[in-house]
file protein.txt (compact mmCIF, C-alpha atoms)
# COMPACT_ATOMS: atom_id res chain seq x y z
CA MET L 1 82.76 -294.36 -39.13
CA GLU L 2 83.26 -298.02 -38.23
CA TYR L 3 80.86 -300.65 -39.55
CA ASN L 4 79.77 -301.67 -36.06
CA GLN L 5 79.00 -298.08 -35.12
CA VAL L 6 76.85 -297.78 -38.24
CA PHE L 7 75.00 -300.97 -37.22
CA VAL L 8 74.24 -299.64 -33.78
CA GLN L 9 72.98 -296.41 -35.26
CA MET L 10 70.75 -298.34 -37.69
CA ALA L 11 69.35 -300.65 -35.05
CA LEU L 12 68.59 -297.77 -32.67
CA HIS L 13 66.94 -295.84 -35.46
CA ALA L 14 64.77 -298.86 -36.29
CA TRP L 15 63.84 -299.18 -32.62
CA ASN L 16 62.92 -295.49 -32.38
CA VAL L 17 60.81 -295.67 -35.54
CA GLN L 18 58.97 -298.65 -34.07
CA ILE L 19 58.39 -296.99 -30.70
CA GLY L 20 57.31 -293.76 -32.37
CA ARG L 21 54.70 -295.62 -34.44
CA THR L 22 53.43 -297.55 -31.44
CA ASP L 23 53.26 -294.35 -29.42
CA LYS L 24 51.23 -292.60 -32.12
CA PHE L 25 48.97 -295.63 -32.37
CA PHE L 26 48.13 -295.67 -28.65
CA ASP L 27 47.78 -291.90 -28.47
CA ALA L 28 45.09 -292.15 -31.14
CA ILE L 29 43.01 -294.58 -29.08
CA ALA L 30 40.65 -292.97 -26.55
CA ASP L 31 40.76 -294.24 -22.94
CA GLU L 32 37.33 -295.83 -23.27
CA ASP L 33 38.44 -297.72 -26.40
CA LEU L 34 41.58 -299.12 -24.77
CA LYS L 35 39.52 -301.92 -23.24
CA LYS L 36 38.38 -303.11 -26.67
CA GLN L 37 40.02 -306.11 -28.29
CA VAL L 38 42.75 -305.58 -30.90
CA ALA L 39 40.95 -308.16 -33.03
CA PRO L 40 38.03 -310.51 -32.36
CA GLY L 41 39.15 -313.00 -29.70
CA LYS L 42 42.49 -311.20 -29.19
CA ASN L 43 43.88 -309.22 -26.25
CA THR L 44 42.70 -305.71 -25.46
CA PHE L 45 44.77 -302.63 -26.37
CA PHE L 46 45.08 -302.02 -22.65
CA TYR L 47 46.66 -305.42 -22.03
CA LEU L 48 48.91 -304.97 -25.04
CA LEU L 49 50.20 -301.64 -23.73
CA GLY L 50 50.93 -303.02 -20.25
CA HIS L 51 52.54 -306.08 -21.78
CA LEU L 52 54.83 -303.97 -23.95
CA ILE L 53 55.99 -301.89 -20.99
CA ALA L 54 56.75 -304.96 -18.88
CA VAL L 55 58.45 -306.88 -21.66
CA ASN L 56 60.55 -303.94 -22.90
CA ASP L 57 61.53 -303.30 -19.29
CA THR L 58 63.22 -306.72 -19.11
CA MET L 59 65.94 -305.30 -21.38
CA ILE L 60 67.31 -303.32 -18.42
CA GLN L 61 68.13 -306.59 -16.72
CA LEU L 62 69.17 -308.43 -19.90
CA PHE L 63 71.58 -305.61 -20.72
CA ASP L 64 72.98 -305.60 -17.19
CA LYS L 65 71.83 -302.04 -16.48
CA GLY L 66 70.47 -302.57 -13.00
CA LYS L 67 67.04 -303.36 -11.65
CA ARG L 68 63.87 -303.30 -13.70
CA SER L 69 61.47 -300.38 -13.23
CA TYR L 70 58.12 -301.95 -14.18
CA MET L 71 58.26 -305.38 -12.62
CA HIS L 72 55.03 -304.52 -10.80
CA LEU L 73 53.24 -304.89 -14.14
CA ASP L 74 54.35 -308.51 -14.65
CA ASP L 75 51.54 -310.12 -12.67
CA VAL L 76 48.71 -308.49 -14.58
CA PHE L 77 50.27 -308.12 -18.01
CA VAL L 78 52.71 -311.00 -18.43
CA LYS L 79 52.16 -313.83 -15.98
CA ASN L 80 48.37 -313.73 -16.31
CA PRO L 81 46.16 -313.55 -19.39
CA ASP L 82 44.04 -310.54 -20.31
CA ARG L 83 40.95 -309.91 -18.15
CA SER L 84 42.27 -312.08 -15.31
CA GLY L 85 40.24 -310.13 -12.78
CA LEU L 86 43.36 -308.78 -11.04
CA PRO L 87 43.32 -305.07 -10.17
CA VAL L 88 44.73 -303.00 -13.06
CA PRO L 89 46.20 -299.47 -13.20
CA VAL L 90 44.08 -296.66 -14.62
CA ALA L 91 44.65 -295.79 -18.28
CA ALA L 92 46.34 -292.44 -17.62
CA GLU L 93 48.86 -294.08 -15.29
CA LEU L 94 49.66 -296.83 -17.77
CA ARG L 95 50.10 -294.31 -20.57
CA GLU L 96 52.51 -292.34 -18.41
CA GLU L 97 54.50 -295.46 -17.57
CA TRP L 98 54.73 -296.24 -21.27
CA LYS L 99 56.24 -292.80 -22.02
CA LYS L 100 58.57 -292.93 -19.02
CA SER L 101 59.73 -296.43 -19.87
CA ASN L 102 60.59 -295.41 -23.43
CA LYS L 103 62.52 -292.43 -22.16
CA GLN L 104 64.47 -294.56 -19.69
CA LEU L 105 65.30 -297.23 -22.26
CA SER L 106 66.32 -294.71 -24.86
CA ASP L 107 68.68 -293.06 -22.33
CA ILE L 108 70.26 -296.42 -21.53
CA PHE L 109 70.56 -297.43 -25.19
CA SER L 110 72.16 -294.16 -26.24
CA LYS L 111 75.03 -294.70 -23.79
CA MET L 112 75.87 -298.24 -24.87
CA THR L 113 79.03 -298.81 -26.94
CA PRO L 114 79.08 -301.02 -30.05
CA ASP L 115 81.16 -303.59 -28.15
CA GLU L 116 78.48 -303.69 -25.49
CA TRP L 117 75.70 -304.17 -28.06
CA PHE L 118 77.50 -307.09 -29.64
CA SER L 119 78.24 -308.82 -26.34
CA LYS L 120 76.08 -311.53 -24.83
CA HIS L 121 73.07 -310.62 -22.73
CA THR L 122 72.70 -311.73 -19.11
CA ALA L 123 70.49 -314.74 -19.94
CA MET L 124 73.19 -316.34 -22.15
CA SER L 125 76.28 -318.39 -21.37
CA ASP L 126 79.72 -317.64 -22.83
CA GLU L 127 79.32 -320.79 -24.87
CA ASP L 128 75.95 -319.74 -26.32
CA HIS L 129 77.59 -316.57 -27.52
CA LYS L 130 80.61 -318.33 -28.94
CA ASN L 131 78.43 -320.77 -30.86
CA ASP L 132 76.21 -318.06 -32.26
CA PRO L 133 77.64 -314.52 -32.12
CA SER L 134 74.46 -313.19 -33.74
CA ARG L 135 72.76 -313.80 -30.39
CA ASN L 136 73.66 -310.71 -28.40
CA LYS L 137 72.17 -307.56 -26.85
CA MET L 138 71.48 -306.02 -30.21
CA SER L 139 69.56 -309.06 -31.42
CA VAL L 140 67.31 -308.71 -28.35
CA LEU L 141 66.52 -305.18 -29.45
CA LEU L 142 66.02 -306.08 -33.10
CA ASN L 143 63.65 -308.93 -32.32
CA ARG L 144 61.28 -306.94 -30.14
CA MET H 1 82.47 -314.61 -38.91
CA GLU H 2 82.73 -310.95 -39.91
CA TYR H 3 80.79 -308.29 -38.04
CA ASN H 4 78.86 -307.29 -41.13
CA GLN H 5 77.81 -310.87 -41.83
CA VAL H 6 76.60 -311.23 -38.26
CA PHE H 7 74.62 -308.04 -38.61
CA VAL H 8 72.94 -309.16 -41.85
CA GLN H 9 72.04 -312.43 -40.18
CA MET H 10 70.54 -310.55 -37.22
CA ALA H 11 68.57 -308.17 -39.39
CA LEU H 12 67.15 -310.98 -41.52
CA HIS H 13 66.21 -312.90 -38.41
CA ALA H 14 64.43 -309.83 -37.02
CA TRP H 15 62.58 -309.44 -40.33
CA ASN H 16 61.51 -313.09 -40.33
CA VAL H 17 60.32 -312.86 -36.71
CA GLN H 18 58.26 -309.81 -37.63
CA ILE H 19 56.74 -311.42 -40.73
CA GLY H 20 56.04 -314.63 -38.81
CA ARG H 21 54.12 -312.69 -36.15
CA THR H 22 52.18 -310.70 -38.73
CA ASP H 23 51.38 -313.89 -40.60
CA LYS H 24 50.07 -315.58 -37.45
CA PHE H 25 48.06 -312.49 -36.63
CA PHE H 26 46.27 -312.40 -40.00
CA ASP H 27 45.77 -316.17 -40.05
CA ALA H 28 43.89 -315.83 -36.75
CA ILE H 29 41.41 -313.34 -38.22
CA ALA H 30 38.41 -314.86 -40.02
CA ASP H 31 37.61 -313.58 -43.53
CA GLU H 32 34.44 -311.88 -42.30
CA ASP H 33 36.40 -310.03 -39.59
CA LEU H 34 39.04 -308.71 -42.01
CA LYS H 35 36.73 -305.86 -42.96
CA LYS H 36 36.58 -304.63 -39.35
CA GLN H 37 38.71 -301.70 -38.24
CA VAL H 38 42.01 -302.34 -36.44
CA ALA H 39 40.94 -299.69 -33.91
CA PRO H 40 38.02 -297.26 -33.81
CA GLY H 41 38.46 -294.81 -36.70
CA LYS H 42 41.49 -296.70 -38.05
CA ASN H 43 41.98 -298.69 -41.24
CA THR H 44 40.52 -302.17 -41.69
CA PHE H 45 42.65 -305.32 -41.33
CA PHE H 46 41.95 -305.93 -45.00
CA TYR H 47 43.41 -302.58 -46.03
CA LEU H 48 46.38 -303.11 -43.73
CA LEU H 49 47.14 -306.48 -45.32
CA GLY H 50 46.97 -305.12 -48.87
CA HIS H 51 49.02 -302.10 -47.86
CA LEU H 52 51.75 -304.30 -46.34
CA ILE H 53 52.00 -306.41 -49.49
CA ALA H 54 52.26 -303.36 -51.76
CA VAL H 55 54.71 -301.51 -49.54
CA ASN H 56 56.97 -304.51 -48.88
CA ASP H 57 56.94 -305.18 -52.61
CA THR H 58 58.64 -301.84 -53.28
CA MET H 59 61.81 -303.33 -51.81
CA ILE H 60 62.25 -305.36 -55.01
CA GLN H 61 62.71 -302.13 -56.89
CA LEU H 62 64.62 -300.31 -54.13
CA PHE H 63 67.07 -303.22 -53.97
CA ASP H 64 67.48 -303.28 -57.74
CA LYS H 65 66.07 -306.79 -58.07
CA GLY H 66 63.84 -306.21 -61.06
CA LYS H 67 60.20 -305.31 -61.48
CA ARG H 68 57.70 -305.25 -58.64
CA SER H 69 55.17 -308.09 -58.43
CA TYR H 70 52.24 -306.41 -56.63
CA MET H 71 52.07 -302.98 -58.20
CA HIS H 72 48.44 -303.76 -59.10
CA LEU H 73 47.62 -303.31 -55.39
CA ASP H 74 48.95 -299.73 -55.23
CA ASP H 75 45.76 -298.03 -56.40
CA VAL H 76 43.48 -299.56 -53.79
CA PHE H 77 45.90 -300.00 -50.88
CA VAL H 78 48.46 -297.20 -51.16
CA LYS H 79 47.36 -294.34 -53.40
CA ASN H 80 43.81 -294.32 -52.05
CA PRO H 81 42.48 -294.44 -48.50
CA ASP H 82 40.57 -297.36 -47.03
CA ARG H 83 37.01 -297.91 -48.30
CA SER H 84 37.61 -295.78 -51.38
CA GLY H 85 34.92 -297.65 -53.26
CA LEU H 86 37.42 -299.07 -55.77
CA PRO H 87 37.03 -302.79 -56.58
CA VAL H 88 39.09 -304.91 -54.16
CA PRO H 89 40.44 -308.48 -54.40
CA VAL H 90 38.68 -311.24 -52.45
CA ALA H 91 40.17 -312.14 -49.06
CA ALA H 92 41.51 -315.54 -50.13
CA GLU H 93 43.36 -313.98 -53.05
CA LEU H 94 44.90 -311.26 -50.90
CA ARG H 95 45.99 -313.79 -48.29
CA GLU H 96 47.66 -315.85 -51.00
CA GLU H 97 49.46 -312.79 -52.36
CA TRP H 98 50.71 -312.01 -48.84
CA LYS H 99 52.24 -315.49 -48.50
CA LYS H 100 53.70 -315.43 -52.02
CA SER H 101 55.15 -311.98 -51.53
CA ASN H 102 56.89 -313.02 -48.31
CA LYS H 103 58.32 -316.08 -50.03
CA GLN H 104 59.60 -314.02 -52.94
CA LEU H 105 61.18 -311.38 -50.71
CA SER H 106 62.77 -313.93 -48.44
CA ASP H 107 64.32 -315.65 -51.49
CA ILE H 108 65.74 -312.35 -52.71
CA PHE H 109 67.04 -311.35 -49.27
CA SER H 110 68.76 -314.67 -48.64
CA LYS H 111 70.87 -314.25 -51.79
CA MET H 112 72.10 -310.72 -50.98
CA THR H 113 75.70 -310.27 -49.83
CA PRO H 114 76.62 -308.02 -46.86
CA ASP H 115 78.22 -305.55 -49.31
CA GLU H 116 74.95 -305.39 -51.19
CA TRP H 117 72.96 -304.79 -48.01
CA PHE H 118 75.21 -301.92 -47.00
CA SER H 119 75.11 -300.24 -50.38
CA LYS H 120 72.71 -297.43 -51.28
CA HIS H 121 69.21 -298.26 -52.48
CA THR H 122 67.91 -297.11 -55.88
CA ALA H 123 66.11 -294.05 -54.49
CA MET H 124 69.35 -292.54 -53.10
CA SER H 125 72.17 -290.60 -54.70
CA ASP H 126 75.85 -291.45 -54.21
CA GLU H 127 76.11 -288.29 -52.16
CA ASP H 128 73.23 -289.26 -49.83
CA HIS H 129 75.03 -292.47 -49.10
CA LYS H 130 78.38 -290.79 -48.55
CA ASN H 131 76.84 -288.28 -46.12
CA ASP H 132 75.02 -290.94 -44.15
CA PRO H 133 76.25 -294.53 -44.63
CA SER H 134 73.59 -295.78 -42.24
CA ARG H 135 71.08 -295.07 -45.00
CA ASN H 136 71.31 -298.17 -47.17
CA LYS H 137 69.35 -301.25 -48.27
CA MET H 138 69.52 -302.78 -44.82
CA SER H 139 68.11 -299.68 -43.14
CA VAL H 140 65.12 -299.95 -45.50
CA LEU H 141 64.52 -303.47 -44.21
CA LEU H 142 65.06 -302.55 -40.57
CA ASN H 143 62.67 -299.61 -40.70
CA ARG H 144 59.73 -301.49 -42.18
call {"tool": "encode", "arguments": {"input": "protein.txt", "output": "structure tokens"}}
result
Amino acid sequence: MEYNQVFVQMALHAWNVQIGRTDKFFDAIADEDLKKQVAPGKNTFFYLLGHLIAVNDTMIQLFDKGKRSYMHLDDVFVKNPDRSGLPVPVAAELREEWKKSNKQLSDIFSKMTPDEWFSKHTAMSDEDHKNDPSRNKMSVLLNR
Amino acid sequence: MEYNQVFVQMALHAWNVQIGRTDKFFDAIADEDLKKQVAPGKNTFFYLLGHLIAVNDTMIQLFDKGKRSYMHLDDVFVKNPDRSGLPVPVAAELREEWKKSNKQLSDIFSKMTPDEWFSKHTAMSDEDHKNDPSRNKMSVLLNR
């Protein structure tokens, strides 16, 4: 196996471990507890979950894989702070979007070639990438 | 730059991002709030912090870099569950150990060559590594 193939495998495994842990974490929190703060003065679990979906979803665009699926969450969970007063989805819906989003991303990731992973993402110029080849699609994934 | 060097650089960057976030997170929690639970029915922030120090510290041994520095935390934060009744360090001491441990690990990591990163860790056999080269020192780091 080539080095770069091994890297991709390692990075995807690390991503899946991370998602699996996060998934287990949210599954263990009851709907009524989702609206509690992660820590005193911090965001709620609910906001955190929506934020993760929206932010992970940006990878579709960054990796040049078409249009985002969860842009409708940006207003409430990214552009505005927690408890902004905007209407929010119900917990069950958000939990389902979280699962669906992970499934969609994992399908996209599994089809990407090593060359694709090590190429620049859509928010970078050719020069950015030339100056720092460690900035690429895979680094986006690793730094989530 | 070689692919494997780029990958090491990316993985270390991802690790530093992760530690930086965790550091900021714990710094934002007051000493008196550390003993609260991360989520209802979950471990306390205090236990989580001690657990992270002890578990990260095992990399010293796994990477064949000598003796562990925070083995004394294993009893309270790894081998026993939260609120076991065992005597625990004071918050300030634990916070200092967290910072020191990160500094020590980052010093060790920065001196490791790509070949070292992609070699098997001390808890693996030669055969393990041959069968699955994506299991190595770097995968330990990535999966934390």
call {"tool": "interface_residues", "arguments": {"input": "protein.txt", "of": "chain L", "to": "chain H", "cutoff": "9 Å", "atoms": "only C-alpha atoms", "output": "JSON, numbers by chain"}}
result
{"L": [1, 3, 4, 6, 7, 9, 10, 11, 13, 14, 15, 17, 18, 29, 30, 33, 36, 37, 38, 39, 40, 41, 42, 45, 133, 134, 135, 138, 139, 142, 143, 144]}
call {"tool": "residues_around", "arguments": {"input": "protein.txt", "residues": "stretch 53-59 of chain L", "least_positions_apart": "2", "cutoff": "6 Å", "atoms": "only C-alpha atoms", "output": "PDB file with C-alpha atoms, in the coordinates of the input"}}
result
ATOM      1  CA  GLY L  50      50.930-303.020 -20.250  1.00  0.00           C
ATOM      2  CA  HIS L  51      52.540-306.080 -21.780  1.00  0.00           C
ATOM      3  CA  GLN L  61      68.130-306.590 -16.720  1.00  0.00           C
ATOM      4  CA  LEU L  62      69.170-308.430 -19.900  1.00  0.00           C
ATOM      5  CA  PHE L  63      71.580-305.610 -20.720  1.00  0.00           C
ATOM      6  CA  TYR L  70      58.120-301.950 -14.180  1.00  0.00           C
ATOM      7  CA  LEU L  73      53.240-304.890 -14.140  1.00  0.00           C
ATOM      8  CA  TRP L  98      54.730-296.240 -21.270  1.00  0.00           C
TER       9      TRP L  98
END
call {"tool": "axis_aligned_box", "arguments": {"input": "protein.txt", "around": "stretch 101-109 of chain H", "padding_each_side": "5 Å", "output": "AutoDock Vina command-line options"}}
result
--center_x 61.1 --center_y -313.7 --center_z -50.6 --size_x 21.9 --size_y 14.7 --size_z 14.6
call {"tool": "residues_around", "arguments": {"input": "protein.txt", "residues": "H:Asp75", "least_positions_apart": "2", "cutoff": "12 Å", "atoms": "all atoms listed in the file", "output": "list in words"}}
result
Tyr47, Gly50, His51, Ala54, Val55, Tyr70, Met71, His72, Leu73, Phe77, Val78, Lys79, Asn80, Pro81, Asp82, Arg83, Ser84, Gly85, Leu86, Pro87, Val88 and Pro89 of chain H
call {"tool": "atom_distance", "arguments": {"input": "protein.txt", "atom1": "atom CA of L:Leu105", "atom2": "atom CA of L:Lys65"}}
result
10.0 Å
call {"tool": "atom_distance", "arguments": {"input": "protein.txt", "atom1": "atom CA of H:Phe46", "atom2": "atom CA of H:Ala91"}}
result
7.6 Å
call {"tool": "decode", "arguments": {"input": "protein.txt", "residues": "stretch 89-117 of chain L", "atoms": "N, CA, C and O atoms", "output": "compact mmCIF listing (two decimals), in the first residue's frame"}}
result
# COMPACT_ATOMS: atom_id res chain seq x y z
N PRO L 89 -35.35 24.11 15.13
CA PRO L 89 -35.98 22.81 14.86
C PRO L 89 -36.24 22.05 16.17
O PRO L 89 -35.64 22.37 17.19
N VAL L 90 -37.12 21.06 16.11
CA VAL L 90 -37.32 20.24 17.31
C VAL L 90 -36.16 19.26 17.44
O VAL L 90 -35.48 18.96 16.45
N ALA L 91 -35.93 18.79 18.64
CA ALA L 91 -34.77 17.95 18.94
C ALA L 91 -34.69 16.73 18.03
O ALA L 91 -33.63 16.42 17.48
N ALA L 92 -35.82 16.04 17.85
CA ALA L 92 -35.81 14.80 17.06
C ALA L 92 -35.35 15.07 15.63
O ALA L 92 -34.61 14.27 15.04
N GLU L 93 -35.79 16.19 15.09
CA GLU L 93 -35.43 16.57 13.72
C GLU L 93 -33.92 16.85 13.62
O GLU L 93 -33.26 16.40 12.69
N LEU L 94 -33.42 17.58 14.61
CA LEU L 94 -31.99 17.91 14.60
C LEU L 94 -31.14 16.65 14.76
O LEU L 94 -30.12 16.48 14.08
N ARG L 95 -31.58 15.76 15.61
CA ARG L 95 -30.85 14.50 15.79
C ARG L 95 -30.83 13.69 14.49
O ARG L 95 -29.82 13.07 14.14
N GLU L 96 -31.94 13.73 13.76
CA GLU L 96 -31.99 12.99 12.50
C GLU L 96 -31.08 13.64 11.47
O GLU L 96 -30.41 12.93 10.69
N GLU L 97 -31.05 14.95 11.45
CA GLU L 97 -30.16 15.65 10.51
C GLU L 97 -28.70 15.33 10.81
O GLU L 97 -27.88 15.20 9.90
N TRP L 98 -28.39 15.26 12.07
CA TRP L 98 -27.02 14.90 12.49
C TRP L 98 -26.62 13.52 11.93
O TRP L 98 -25.56 13.36 11.34
N LYS L 99 -27.49 12.54 12.08
CA LYS L 99 -27.19 11.18 11.57
C LYS L 99 -27.09 11.18 10.05
O LYS L 99 -26.17 10.59 9.48
N LYS L 100 -28.04 11.84 9.41
CA LYS L 100 -28.05 11.89 7.94
C LYS L 100 -26.81 12.59 7.40
O LYS L 100 -26.24 12.18 6.40
N SER L 101 -26.44 13.67 8.06
CA SER L 101 -25.28 14.44 7.61
C SER L 101 -24.01 13.59 7.71
O SER L 101 -23.16 13.59 6.82
N ASN L 102 -23.89 12.84 8.81
CA ASN L 102 -22.71 11.99 8.95
C ASN L 102 -22.65 10.91 7.88
O ASN L 102 -21.58 10.59 7.36
N LYS L 103 -23.81 10.37 7.56
CA LYS L 103 -23.90 9.34 6.54
C LYS L 103 -23.48 9.93 5.18
O LYS L 103 -22.70 9.34 4.43
N GLN L 104 -24.02 11.09 4.87
CA GLN L 104 -23.71 11.73 3.59
C GLN L 104 -22.21 12.04 3.47
O GLN L 104 -21.59 11.75 2.45
N LEU L 105 -21.66 12.62 4.54
CA LEU L 105 -20.24 12.97 4.50
C LEU L 105 -19.38 11.71 4.38
O LEU L 105 -18.43 11.67 3.59
N SER L 106 -19.72 10.71 5.14
CA SER L 106 -18.91 9.49 5.09
C SER L 106 -18.96 8.85 3.70
O SER L 106 -17.95 8.30 3.22
N ASP L 107 -20.12 8.93 3.03
CA ASP L 107 -20.21 8.42 1.65
C ASP L 107 -19.30 9.21 0.71
O ASP L 107 -18.62 8.63 -0.15
N ILE L 108 -19.32 10.52 0.86
CA ILE L 108 -18.47 11.37 0.02
C ILE L 108 -16.99 11.06 0.28
O ILE L 108 -16.20 10.86 -0.64
N PHE L 109 -16.62 11.03 1.57
CA PHE L 109 -15.22 10.83 1.93
C PHE L 109 -14.68 9.50 1.39
O PHE L 109 -13.54 9.41 0.93
N SER L 110 -15.52 8.47 1.49
CA SER L 110 -15.05 7.13 1.13
C SER L 110 -14.73 7.02 -0.36
O SER L 110 -14.00 6.13 -0.78
N LYS L 111 -15.29 7.93 -1.16
CA LYS L 111 -15.05 7.87 -2.61
C LYS L 111 -13.90 8.76 -3.07
O LYS L 111 -13.57 8.78 -4.25
N MET L 112 -13.32 9.52 -2.14
CA MET L 112 -12.26 10.45 -2.54
C MET L 112 -10.90 9.74 -2.64
O MET L 112 -10.54 8.95 -1.78
N THR L 113 -10.15 10.06 -3.70
CA THR L 113 -8.83 9.45 -3.89
C THR L 113 -7.79 10.20 -3.05
O THR L 113 -8.01 11.36 -2.70
N PRO L 114 -6.66 9.56 -2.76
CA PRO L 114 -5.58 10.25 -2.05
C PRO L 114 -5.19 11.57 -2.74
O PRO L 114 -5.01 12.59 -2.07
N ASP L 115 -5.08 11.55 -4.06
CA ASP L 115 -4.71 12.79 -4.77
C ASP L 115 -5.71 13.91 -4.48
O ASP L 115 -5.35 15.08 -4.35
N GLU L 116 -6.97 13.52 -4.40
CA GLU L 116 -8.01 14.50 -4.12
C GLU L 116 -7.86 15.06 -2.69
O GLU L 116 -7.95 16.26 -2.47
N TRP L 117 -7.60 14.18 -1.75
CA TRP L 117 -7.43 14.61 -0.36
C TRP L 117 -6.29 15.59 -0.19
O TRP L 117 -6.35 16.51 0.62
